[in-house]
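Q: Provided herewith is a single structure, encoded as structure tokens, for subsequent inquiry.
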Amino acid sequence: MPPSEAEHELVICMGSSCFARGNSRAVETAREFLRTRHLEDCVHLTGTLCQDRCRQGPNLTFDGECHCEVEPSKLTGLLEDLLDDLTPGSR
């Protein structure tokens, strides 16, 4: 599904500060989360070079809302909260 047709957008900051603080693993974690829950067509996943909140990193943006200090260990829980209504069987 083209990005413009996806229901949601997840943008992971890949700037040097966020990358070093854990976002180096965030893309693969997010991909795996979306794949195992069959949500790849609902969420457009992309990266950006910097979200200008380096001191608050690692950062990501979901549907335009910035989420700061998303440590790798918190990412799956955050995605579960954000996408709970899209996961098959949770509706």
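Ligands are numbered from 1 in the order shown, residues from 1 within each chain, and chains are lettered A, B, ... in the order they appear in the structure tokens.
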If you run DSSP on this backbone, which residues of chain A come out as strand (DSSP E or B), and could you give them as a PyMOL selection string?
A: chain A and resi 8-13+43-48+60-62+65-67
Q: For Leu49 in chain A, work out the shell of residues within 6 Å, counting only C-alpha atoms and skipping chain neighbours fewer than 4 positions away, then give it as a VMD selection string.
A: chain A and resid 13 to 15
Q: Mind checking which residues fall within 12 Å of Leu78 in chain A, counting only C-alpha atoms, ignoring those fewer than 6 positions away in the same chain, and posting them as a ChimeraX atom specification?
A: /A:10,26,29-30,33,59-62,67-72,84
Q: What does the structure give for the distance between CA of Thr36 in chain A and CA of Gly57 in chain A, in Å to one decimal?
A: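 Interatomic distance, CA of Thr36 in chain A to CA of Gly57 in chain A: 26.2 Å.
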Q: Mind giving me the straight-line distance from CA of Thr76 in chain A to CA of Ser24 in chain A in Å, one decimal?
A: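 About the pair CA of Thr76 in chain A and CA of Ser24 in chain A: they are 14.7 Å apart.
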Q: Select, from A:His38, A:Cys54, A:Asn23, A:His8, the residue with the minimum atom-to-atom distance to Lys74 in chain A, counting only C-alpha atoms.
A: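 Closest to Lys74 in chain A, using only C-alpha atoms: A:Asn23.
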